[in-house]
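Containing compact mmCIF, C-alpha atoms: start19.txt.
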```txt
# COMPACT_ATOMS: atom_id res chain seq x y z
CA MET A 1 -3.43 -13.47 11.39
CA SER A 2 0.16 -12.25 11.42
CA LEU A 3 2.38 -9.21 10.99
CA LEU A 4 3.02 -10.26 7.41
CA GLU A 5 -0.72 -10.29 6.70
CA ARG A 6 -0.97 -6.69 7.91
CA LEU A 7 1.86 -5.71 5.55
CA LEU A 8 0.22 -7.51 2.64
CA ASP A 9 -3.04 -5.66 3.32
CA CYS A 10 -1.29 -2.55 1.95
CA THR A 11 -0.38 -4.21 -1.36
CA ARG A 12 -3.65 -5.61 -2.65
CA HIS A 13 -4.73 -4.11 -5.97
CA ASP A 14 -5.65 -5.09 -9.49
CA LEU A 15 -4.54 -2.45 -11.95
CA SER A 16 -6.36 -4.20 -14.79
CA ARG A 17 -9.50 -2.50 -13.47
CA PHE A 18 -7.94 0.96 -13.75
CA LEU A 19 -6.74 3.23 -16.54
CA PRO A 20 -3.61 5.36 -16.26
CA TRP A 21 -4.00 9.09 -16.80
CA GLN A 22 -1.36 11.63 -17.68
CA VAL A 23 -0.49 15.30 -17.38
CA ALA A 24 1.64 16.66 -20.23
CA GLY A 25 2.57 13.10 -21.17
CA ARG A 26 3.70 12.15 -17.67
CA PRO A 27 1.99 9.51 -15.46
CA ALA A 28 -0.23 11.13 -12.84
CA GLY A 29 -2.35 8.29 -11.47
CA HIS A 30 -5.08 5.78 -12.26
CA VAL A 31 -8.85 6.00 -12.55
CA ALA A 32 -11.42 3.22 -12.36
CA ALA A 33 -12.41 2.09 -15.86
CA GLU A 34 -16.12 2.39 -15.17
CA ARG A 35 -15.72 6.11 -14.45
CA VAL A 36 -14.16 6.94 -17.80
CA PRO A 37 -17.44 7.98 -19.50
CA LEU A 38 -18.13 10.48 -16.71
CA LEU A 39 -14.60 11.87 -16.84
CA LEU A 40 -14.76 12.31 -20.60
CA SER A 41 -18.09 14.12 -20.31
CA VAL A 42 -16.96 16.93 -17.99
CA ARG A 43 -16.23 20.30 -19.58
CA ASP A 44 -14.13 23.16 -18.25
CA ALA A 45 -15.31 26.77 -17.89
CA ASP A 46 -14.79 27.31 -21.64
CA GLY A 47 -16.87 24.28 -22.59
CA ARG A 48 -13.90 22.17 -23.60
CA ALA A 49 -13.28 18.58 -22.49
CA VAL A 50 -11.12 18.18 -19.38
CA PHE A 51 -9.96 14.65 -20.27
CA GLU A 52 -9.25 13.06 -23.63
CA ARG A 53 -7.91 9.79 -24.90
CA ALA A 54 -4.13 9.50 -25.01
CA ALA A 55 -2.77 9.32 -28.54
CA PRO A 56 -1.95 5.79 -29.77
CA GLY A 57 1.66 4.99 -29.01
CA ALA A 58 1.89 7.57 -26.21
CA PRO A 59 3.42 6.31 -22.94
CA GLY A 60 0.71 4.39 -21.12
CA ALA A 61 -1.74 4.41 -24.02
CA GLY A 62 -3.29 1.01 -24.48
CA SER A 63 -1.03 -0.48 -21.81
CA ASN A 64 -0.84 -0.77 -18.09
CA SER A 65 1.63 -2.06 -15.53
CA ALA A 66 -0.85 -4.91 -15.02
CA PRO A 67 -2.43 -5.21 -18.50
CA GLY A 68 -5.76 -6.86 -19.06
CA PRO A 69 -9.40 -5.96 -19.53
CA PRO A 70 -10.80 -3.39 -19.29
CA ALA A 71 -7.73 -1.14 -19.07
CA ALA A 72 -5.95 -2.70 -22.04
CA ARG A 73 -9.11 -2.34 -24.10
CA HIS A 74 -9.66 1.33 -23.34
CA GLY A 75 -6.11 2.70 -23.14
CA ALA A 76 -4.98 5.72 -21.16
CA LEU A 77 -6.50 9.13 -20.54
CA GLN A 78 -4.73 12.45 -20.48
CA LEU A 79 -5.56 15.86 -19.18
CA ALA A 80 -6.47 17.97 -22.20
CA ALA A 81 -3.48 19.70 -23.78
CA HIS A 82 -5.06 23.17 -23.56
CA LEU A 83 -4.92 22.86 -19.78
CA ASP A 84 -1.28 23.87 -19.77
CA ASP A 85 -0.62 25.48 -16.41
CA PHE A 86 -1.26 24.98 -12.69
CA ALA A 87 -4.27 27.30 -12.48
CA ARG A 88 -6.10 25.95 -15.54
CA ARG A 89 -5.52 22.33 -14.57
CA SER A 90 -6.59 22.89 -10.98
CA ALA A 91 -9.77 24.75 -11.98
CA ALA A 92 -10.70 22.06 -14.50
CA LEU A 93 -10.13 19.22 -12.02
CA SER A 94 -12.29 21.02 -9.46
CA ARG A 95 -15.19 20.71 -11.92
CA VAL A 96 -14.50 16.98 -12.27
CA VAL A 97 -14.41 16.62 -8.48
CA ALA A 98 -17.80 18.35 -8.23
CA GLU A 99 -19.27 15.88 -10.72
CA LEU A 100 -17.79 12.89 -8.89
CA HIS A 101 -19.28 14.12 -5.62
CA ARG A 102 -22.64 14.78 -7.29
CA ALA A 103 -22.58 11.17 -8.49
CA ALA A 104 -21.77 9.98 -4.92
CA LEU A 105 -18.44 8.57 -6.10
CA ILE A 106 -16.33 10.54 -3.61
CA PRO A 107 -17.08 11.91 -0.13
CA ALA A 108 -17.81 15.55 0.55
CA PRO A 109 -14.88 17.84 -0.28
CA THR A 110 -12.74 18.85 2.69
CA GLY A 111 -11.33 22.07 1.23
CA GLU A 112 -7.81 20.76 1.83
CA MET A 113 -5.72 20.72 -1.33
CA TYR A 114 -3.00 18.23 -2.19
CA PRO A 115 -0.34 18.57 -4.89
CA VAL A 116 -0.33 16.30 -7.92
CA ALA A 117 3.26 16.00 -9.11
CA GLU A 118 5.68 13.61 -10.78
CA ARG A 119 7.24 12.79 -7.41
CA PRO A 120 7.17 14.11 -3.82
CA GLY A 121 8.81 17.52 -3.61
CA ALA A 122 8.60 18.20 -7.36
CA ALA A 123 6.81 21.28 -8.67
CA PRO A 124 3.09 20.36 -8.73
CA TRP A 125 1.21 20.14 -12.00
CA LEU A 126 -2.05 20.99 -10.23
CA GLN A 127 -3.84 20.88 -6.90
CA LEU A 128 -6.56 18.37 -6.10
CA GLU A 129 -9.11 18.08 -3.32
CA ARG A 130 -7.91 15.65 -0.67
CA ALA A 131 -11.11 13.59 -0.73
CA ALA A 132 -10.62 12.98 -4.45
CA MET A 133 -7.03 11.75 -4.40
CA PRO A 134 -7.96 8.01 -4.35
CA ALA A 135 -10.52 8.55 -7.14
CA PHE A 136 -7.64 9.69 -9.35
CA GLY A 137 -5.06 7.27 -7.92
CA ALA A 138 -2.78 10.27 -7.50
CA ARG A 139 0.26 9.98 -5.27
CA ALA A 140 -0.35 11.54 -1.86
CA CYS A 141 2.09 12.09 0.99
CA GLY A 142 1.69 12.07 4.75
CA VAL A 143 3.64 11.92 7.99
CA HIS A 144 3.51 9.32 10.76
CA LEU A 145 5.20 9.81 14.11
CA HIS A 146 5.87 7.06 16.64
CA GLY A 147 5.97 8.59 20.10
CA TYR A 148 7.69 6.25 22.54
CA VAL A 149 9.03 6.13 26.09
CA ARG A 150 11.83 4.02 27.56
CA ARG A 151 10.98 2.56 30.97
CA ARG A 152 12.78 0.13 33.21
CA ASP A 153 10.42 -2.60 32.01
CA GLY A 154 11.08 -1.84 28.34
CA LEU A 155 9.89 0.22 25.40
CA HIS A 156 6.38 1.73 25.40
CA MET A 157 4.47 3.43 22.57
CA TRP A 158 1.77 6.09 22.74
CA ILE A 159 -1.29 4.84 20.86
CA ALA A 160 -4.15 7.09 19.76
CA ARG A 161 -7.77 6.09 19.28
CA ARG A 162 -9.47 8.04 16.53
CA ALA A 163 -12.63 9.93 17.40
CA ARG A 164 -15.77 7.92 16.67
CA ASN A 165 -17.34 10.82 14.75
CA ARG A 166 -14.56 10.86 12.14
CA THR A 167 -15.65 10.22 8.57
CA THR A 168 -12.65 7.95 7.95
CA PHE A 169 -11.73 4.98 10.16
CA PRO A 170 -13.77 6.13 13.19
CA GLY A 171 -12.77 4.61 16.51
CA MET A 172 -9.75 2.78 15.12
CA LEU A 173 -6.31 2.74 16.69
CA ASP A 174 -3.67 5.05 15.24
CA ASN A 175 -0.13 6.29 15.70
CA MET A 176 0.34 9.07 18.23
CA VAL A 177 0.49 11.61 15.40
CA ALA A 178 -0.26 11.18 11.71
CA GLY A 179 -1.62 13.36 8.95
CA GLY A 180 -1.66 14.13 5.27
CA GLN A 181 0.80 16.55 3.71
CA PRO A 182 -1.14 19.36 2.02
CA LEU A 183 -0.02 21.63 -0.77
CA GLY A 184 2.63 24.14 0.31
CA LEU A 185 3.97 22.32 3.40
CA SER A 186 7.06 20.16 3.72
CA ALA A 187 6.99 16.91 5.65
CA GLU A 188 8.68 18.60 8.61
CA GLN A 189 6.23 21.50 8.60
CA THR A 190 3.33 19.07 8.38
CA LEU A 191 4.73 17.12 11.31
CA VAL A 192 4.97 20.21 13.51
CA LYS A 193 1.40 21.20 12.59
CA GLU A 194 -0.03 17.74 13.23
CA CYS A 195 1.90 17.35 16.49
CA ALA A 196 0.31 20.55 17.80
CA GLU A 197 -3.20 19.67 16.61
CA GLU A 198 -3.36 16.00 17.45
CA ALA A 199 -1.24 15.62 20.58
CA ASP A 200 -0.39 19.12 21.88
CA VAL A 201 3.33 18.51 21.34
CA PRO A 202 5.30 21.77 21.70
CA GLU A 203 7.09 22.84 18.53
CA ALA A 204 10.56 22.51 20.05
CA LEU A 205 9.82 18.93 21.08
CA ALA A 206 8.23 18.09 17.72
CA ARG A 207 11.33 19.34 15.92
CA ALA A 208 13.40 16.86 17.92
CA ALA A 209 11.68 14.00 16.09
CA VAL A 210 14.11 11.84 14.11
CA PRO A 211 13.26 11.12 10.45
CA THR A 212 13.62 7.37 9.87
CA GLY A 213 12.74 6.98 6.20
CA ALA A 214 9.68 6.64 4.02
CA LEU A 215 7.28 3.90 2.93
CA ARG A 216 5.14 3.78 -0.19
CA TYR A 217 2.16 1.52 -0.78
CA LEU A 218 -0.40 0.97 -3.53
CA MET A 219 -3.73 -0.55 -2.62
CA GLU A 220 -7.32 -0.55 -3.76
CA ALA A 221 -9.72 1.44 -1.64
CA PRO A 222 -13.52 1.59 -1.76
CA ARG A 223 -13.37 4.82 -3.78
CA GLY A 224 -10.33 4.19 -5.93
CA LEU A 225 -6.63 3.52 -5.61
CA ARG A 226 -4.39 4.76 -2.78
CA ASP A 227 -0.83 5.54 -3.86
CA ASP A 228 0.62 6.94 -0.64
CA THR A 229 4.10 7.86 0.53
CA LEU A 230 4.49 8.07 4.31
CA PHE A 231 7.40 9.98 5.84
CA LEU A 232 8.27 8.35 9.16
CA PHE A 233 9.54 9.93 12.38
CA ASP A 234 10.46 8.61 15.83
CA LEU A 235 10.19 10.80 18.90
CA GLU A 236 11.48 9.64 22.28
CA LEU A 237 9.33 11.46 24.83
CA PRO A 238 9.99 12.45 28.44
CA PRO A 239 8.44 10.00 30.91
CA ASP A 240 6.09 12.68 32.24
CA PHE A 241 4.78 13.79 28.83
CA ARG A 242 1.08 13.18 28.22
CA PRO A 243 -0.35 13.78 24.73
CA ARG A 244 -3.56 15.80 24.61
CA ASN A 245 -5.73 16.20 21.53
CA THR A 246 -6.70 19.74 20.55
CA ASP A 247 -8.60 19.35 17.25
CA GLY A 248 -11.23 16.75 18.15
CA GLU A 249 -9.80 14.06 15.88
CA VAL A 250 -8.49 11.80 18.67
CA GLU A 251 -10.69 10.31 21.37
CA SER A 252 -7.96 9.14 23.73
CA PHE A 253 -4.31 8.15 24.15
CA GLU A 254 -2.83 5.14 25.92
CA LEU A 255 0.78 4.18 26.61
CA TRP A 256 1.26 0.52 25.70
CA PRO A 257 4.21 -1.84 26.15
CA VAL A 258 5.62 -2.44 22.69
CA GLU A 259 4.89 -6.17 22.97
CA ARG A 260 1.19 -5.37 23.37
CA VAL A 261 1.33 -3.17 20.28
CA MET A 262 2.94 -5.98 18.28
CA GLN A 263 0.35 -8.50 19.44
CA ARG A 264 -2.56 -6.18 18.58
CA VAL A 265 -1.16 -5.56 15.10
CA ALA A 266 -0.54 -9.27 14.47
CA GLU A 267 -3.86 -10.56 15.79
CA THR A 268 -6.39 -7.89 14.76
CA ARG A 269 -7.20 -5.19 12.26
CA ASP A 270 -7.90 -2.68 15.04
CA PHE A 271 -5.26 -0.24 13.79
CA LYS A 272 -5.88 1.98 10.78
CA PHE A 273 -4.42 -0.08 7.94
CA ASN A 274 -1.34 2.02 7.11
CA CYS A 275 -0.37 2.34 10.77
CA ASN A 276 0.28 -1.40 10.74
CA LEU A 277 2.86 -0.83 8.02
CA THR A 278 4.67 1.93 9.91
CA ILE A 279 4.54 0.07 13.24
CA ILE A 280 6.07 -3.04 11.67
CA ASP A 281 8.89 -0.83 10.42
CA PHE A 282 9.33 0.55 13.97
CA LEU A 283 9.33 -2.95 15.49
CA LEU A 284 12.05 -4.10 13.09
CA ARG A 285 14.22 -1.03 13.56
CA HIS A 286 14.08 -1.24 17.36
CA GLY A 287 14.79 -4.97 17.46
CA VAL A 288 11.38 -5.94 18.83
CA VAL A 289 10.97 -8.25 15.86
CA GLY A 290 14.27 -10.08 16.27
CA SER A 291 16.21 -12.52 14.15
CA ASP A 292 14.31 -15.42 15.73
CA HIS A 293 10.90 -14.14 14.59
CA PRO A 294 9.55 -16.55 11.92
CA GLU A 295 8.35 -13.72 9.67
CA ARG A 296 11.33 -11.39 10.05
CA ASP A 297 12.98 -12.02 6.67
CA ALA A 298 9.67 -11.75 4.82
CA LEU A 299 8.83 -8.53 6.67
CA VAL A 300 12.22 -6.97 5.83
CA ALA A 301 11.82 -7.93 2.18
CA GLY A 302 8.25 -6.63 2.14
CA LEU A 303 9.21 -3.27 3.62
CA ARG A 304 12.04 -2.90 1.12
CA ALA A 305 9.43 -3.31 -1.60
CA HIS A 306 7.54 -0.42 0.02
CA THR A 307 10.54 1.92 0.00
CA PRO A 308 10.10 4.77 -2.51
```
Kindly present the structure from the file in C-alpha cells form.
Amino acid sequence: MSLLERLLDCTRHDLSRFLPWQVAGRPAGHVAAERVPLLLSVRDADGRAVFERAAPGAPGAGSNSAPGPPAARHGALQLAAHLDDFARRSAALSRVVAELHRAALIPAPTGEMYPVAERPGAAPWLQLERAAMPAFGARACGVHLHGYVRRRDGLHMWIARRARNRTTFPGMLDNMVAGGQPLGLSAEQTLVKECAEEADVPEALARAAVPTGALRYLMEAPRGLRDDTLFLFDLELPPDFRPRNTDGEVESFELWPVERVMQRVAETRDFKFNCNLTIIDFLLRHGVVGSDHPERDALVAGLRAHTP
C-alpha cells in the first residue's frame, strides 16, 4: 500500500455503467443504467412522468464521457420539462427518492437537503435528500478541517474516530472536523456549525481557520456515484485545546505526530476514504511529504487532477 494508492481510491469509476441526466438541458449527474426503468416509471403529484428520455442530439443524449454499453445504448435522461422551477423539481424528486428507498436502493432519508446546481455556489435547480445524492451522481459539497498543533518535537494532528453506531463508515478514522454542506449554508457557515457539533470548537476559534483550497473526486460507491467537492481548512490550535464531541458522531479524539498519520494513511484503509485525499494534500503543503519522497511528483499531479 502507499499514499498514491489512497489517492487513486478516490478516482475509480466506470461511467459506461451510468447514464447522464439533465435539468433544463444542463448536466446534473449520473444514474445507474439498471435503475432507469424505475426512474421512468415514477409520476409526480399530477400523474406526469418525472423523468423522460433526452431528445436525440441534445447534449449528453446517446453519449457519455466514457461511452460504452449500456449508457451509449440507452442515452441520457432529463427531468421532465414541465418541472420548471425549484419547488416543482424538488417535490417531484422527493417522490423518486421515496421509490428508491422503498426498493432498498438508498438508505433511509436523513431529512437533510442538499442543493443540486450547475456548480458550487450557483443558484440551485432543486433540493435533494442527502442520502440520495450518490444515487443521482449529483455534485455534493463538504468541508474538511485539519486541526493541528506545533510542538517542540514537530507537527501533530488531531484525529477523530467515528462513532461505531454511525450508519456510514462506523468506527473509522476521520479528520478532526468534517461534514456535508447542506442547502442554504456557505462553506464557512458549515465549518462553524460542524466545528461546534463535532469538536466543541468556539466560533471565534473556528473562524480563524485558514481556507487552503478545494478538492473534487468522482468515484463509484455501493449506491451510486460520488461527485464530491471538499473545501479544505487548516486550523492551528493552542497546545491546551482538547476537542470534545457534542453530537454523538465522534467516539474519541487523539493527537498524533504527523509521521504516524502519514504511515497510517499509507499502510491501511483505516481512515474514511476521502480523508486520505485531504490528509495527503495537508502533508504536501506542510512539507511532510518532501522532494525526496518517491511518490511526491505523482501525488502532486494526482491532486492537481482533483482540483475543481
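Within the 8 Å cut-off around region 93-103 of chain A, using all atoms listed in the file and omitting residues fewer than 4 positions from it on the same chain, the listed residues are Leu39, Val42, Arg43, Asp44, Val50, Arg89, Pro107, Ala108, Pro109, Leu128, Glu129 and Ala132 of chain A.
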Name all residues at most 10 Å from region 272-284 of chain A (count only C-alpha atoms; drop same-chain ones fewer than 4 positions away) and give them as a VMD selection string. chain A and resid 3 to 10 144 to 146 157 161 to 162 168 to 175 178 212 to 217 228 230 to 234 258 to 259 261 to 262 264 to 266 288 to 291 296 299 to 300 302 to 303 306
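For the atom pair formed by CA of Pro243 (chain A) and CA of Ser186 (chain A), the distance is 23.2 Å, given to one decimal.
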Just give me the gap between CA of Thr11 (chain A) and CA of Glu267 (chain A) in Å, one decimal is fine. 18.6 Å
Contact residues around Glu197 (chain A) with all atoms listed in the file at 10 Å, ignoring same-chain residues under 6 positions, as an NGL selection string: :A and (177 or 191 or 244-250)
Find the distance between CA of Gly224 (chain A) and CA of Leu19 (chain A) and write it in Å to one decimal. 11.2 Å
Quick one: of A:His286, A:Ala209, A:Phe271, A:Glu254, who's nearest to Leu155 (chain A), counting only C-alpha atoms? A:His286
My list of candidates is A:Ala196, A:Val201, A:Leu15, A:Ala104. Which is closest to Phe241 (chain A) when distances are computed with only C-alpha atoms? A:Val201
Shortest contact to Gly142 (chain A), candidates A:Leu183, A:Leu77, A:Ala117, A:Ala160, atoms counted only C-alpha atoms, goes to A:Leu183
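When only C-alpha atoms are used to compute distances to Arg226 (chain A), the closest of the residues A:Ile159, A:Ala208, A:Ala298, A:Ala140 turns out to be A:Ala140.
The nearest approach to His293 (chain A) among the residues A:Leu40, A:Leu126, A:Ser2, A:Glu52, with all atoms listed in the file taken into account, belongs to A:Ser2.
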Please produce region 112-143 of chain A, completed to N, CA and C atoms, as a short mmCIF file (atom, residue, chain, number, x, y, z; two decimals), keeping the file's coordinate frame.
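New file part19.cif:
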```cif
data_model
loop_
_atom_site.label_atom_id
_atom_site.label_comp_id
_atom_site.auth_asym_id
_atom_site.auth_seq_id
_atom_site.Cartn_x
_atom_site.Cartn_y
_atom_site.Cartn_z
N GLU A 112 -9.26 20.89 1.69
CA GLU A 112 -7.81 20.76 1.83
C GLU A 112 -7.23 20.28 0.50
N MET A 113 -6.26 21.02 -0.02
CA MET A 113 -5.72 20.72 -1.33
C MET A 113 -4.38 19.99 -1.23
N TYR A 114 -4.23 19.01 -2.10
CA TYR A 114 -3.00 18.23 -2.19
C TYR A 114 -2.34 18.48 -3.54
N PRO A 115 -1.02 18.42 -3.59
CA PRO A 115 -0.34 18.57 -4.89
C PRO A 115 -0.41 17.28 -5.70
N VAL A 116 -0.51 17.42 -7.00
CA VAL A 116 -0.33 16.30 -7.92
C VAL A 116 0.94 16.59 -8.70
N ALA A 117 1.93 15.73 -8.54
CA ALA A 117 3.26 16.00 -9.11
C ALA A 117 3.88 14.69 -9.56
N GLU A 118 4.99 14.81 -10.28
CA GLU A 118 5.68 13.61 -10.78
C GLU A 118 6.26 12.79 -9.64
N ARG A 119 6.67 13.47 -8.56
CA ARG A 119 7.24 12.79 -7.41
C ARG A 119 7.14 13.73 -6.21
N PRO A 120 7.22 13.23 -4.99
CA PRO A 120 7.17 14.11 -3.82
C PRO A 120 8.25 15.17 -3.89
N GLY A 121 7.87 16.41 -3.62
CA GLY A 121 8.81 17.52 -3.61
C GLY A 121 8.98 18.20 -4.95
N ALA A 122 8.50 17.58 -6.04
CA ALA A 122 8.60 18.20 -7.36
C ALA A 122 7.55 19.29 -7.50
N ALA A 123 7.78 20.22 -8.43
CA ALA A 123 6.81 21.28 -8.67
C ALA A 123 5.47 20.65 -9.08
N PRO A 124 4.38 21.00 -8.42
CA PRO A 124 3.09 20.36 -8.73
C PRO A 124 2.53 20.79 -10.07
N TRP A 125 1.91 19.84 -10.76
CA TRP A 125 1.21 20.14 -12.00
C TRP A 125 -0.12 20.85 -11.72
N LEU A 126 -0.73 20.46 -10.59
CA LEU A 126 -2.05 20.99 -10.23
C LEU A 126 -2.31 20.67 -8.78
N GLN A 127 -3.40 21.23 -8.25
CA GLN A 127 -3.84 20.88 -6.90
C GLN A 127 -5.16 20.13 -7.01
N LEU A 128 -5.38 19.23 -6.06
CA LEU A 128 -6.56 18.37 -6.10
C LEU A 128 -7.12 18.24 -4.69
N GLU A 129 -8.42 18.28 -4.59
CA GLU A 129 -9.11 18.08 -3.32
C GLU A 129 -8.70 16.76 -2.68
N ARG A 130 -8.40 16.82 -1.38
CA ARG A 130 -7.91 15.65 -0.67
C ARG A 130 -8.85 14.46 -0.80
N ALA A 131 -10.15 14.69 -0.68
CA ALA A 131 -11.11 13.59 -0.73
C ALA A 131 -11.14 12.89 -2.07
N ALA A 132 -10.59 13.54 -3.10
CA ALA A 132 -10.62 12.98 -4.45
C ALA A 132 -9.32 12.28 -4.84
N MET A 133 -8.31 12.33 -4.01
CA MET A 133 -7.03 11.75 -4.40
C MET A 133 -7.15 10.26 -4.75
N PRO A 134 -7.84 9.41 -3.95
CA PRO A 134 -7.96 8.01 -4.35
C PRO A 134 -8.74 7.82 -5.65
N ALA A 135 -9.73 8.67 -5.91
CA ALA A 135 -10.52 8.55 -7.14
C ALA A 135 -9.65 8.73 -8.37
N PHE A 136 -8.56 9.49 -8.24
CA PHE A 136 -7.64 9.69 -9.35
C PHE A 136 -6.37 8.86 -9.20
N GLY A 137 -6.27 8.07 -8.12
CA GLY A 137 -5.06 7.27 -7.92
C GLY A 137 -3.81 8.09 -7.91
N ALA A 138 -3.93 9.36 -7.49
CA ALA A 138 -2.78 10.27 -7.50
C ALA A 138 -1.94 10.04 -6.24
N ARG A 139 -0.65 10.23 -6.39
CA ARG A 139 0.26 9.98 -5.27
C ARG A 139 0.12 11.07 -4.21
N ALA A 140 -0.19 10.63 -3.00
CA ALA A 140 -0.35 11.54 -1.86
C ALA A 140 0.73 11.25 -0.84
N CYS A 141 1.08 12.25 -0.05
CA CYS A 141 2.09 12.09 0.99
C CYS A 141 1.50 12.39 2.36
N GLY A 142 2.11 11.81 3.38
CA GLY A 142 1.69 12.07 4.75
C GLY A 142 2.85 11.83 5.69
N VAL A 143 2.63 12.14 6.95
CA VAL A 143 3.64 11.92 7.99
C VAL A 143 3.06 11.02 9.07
#
```
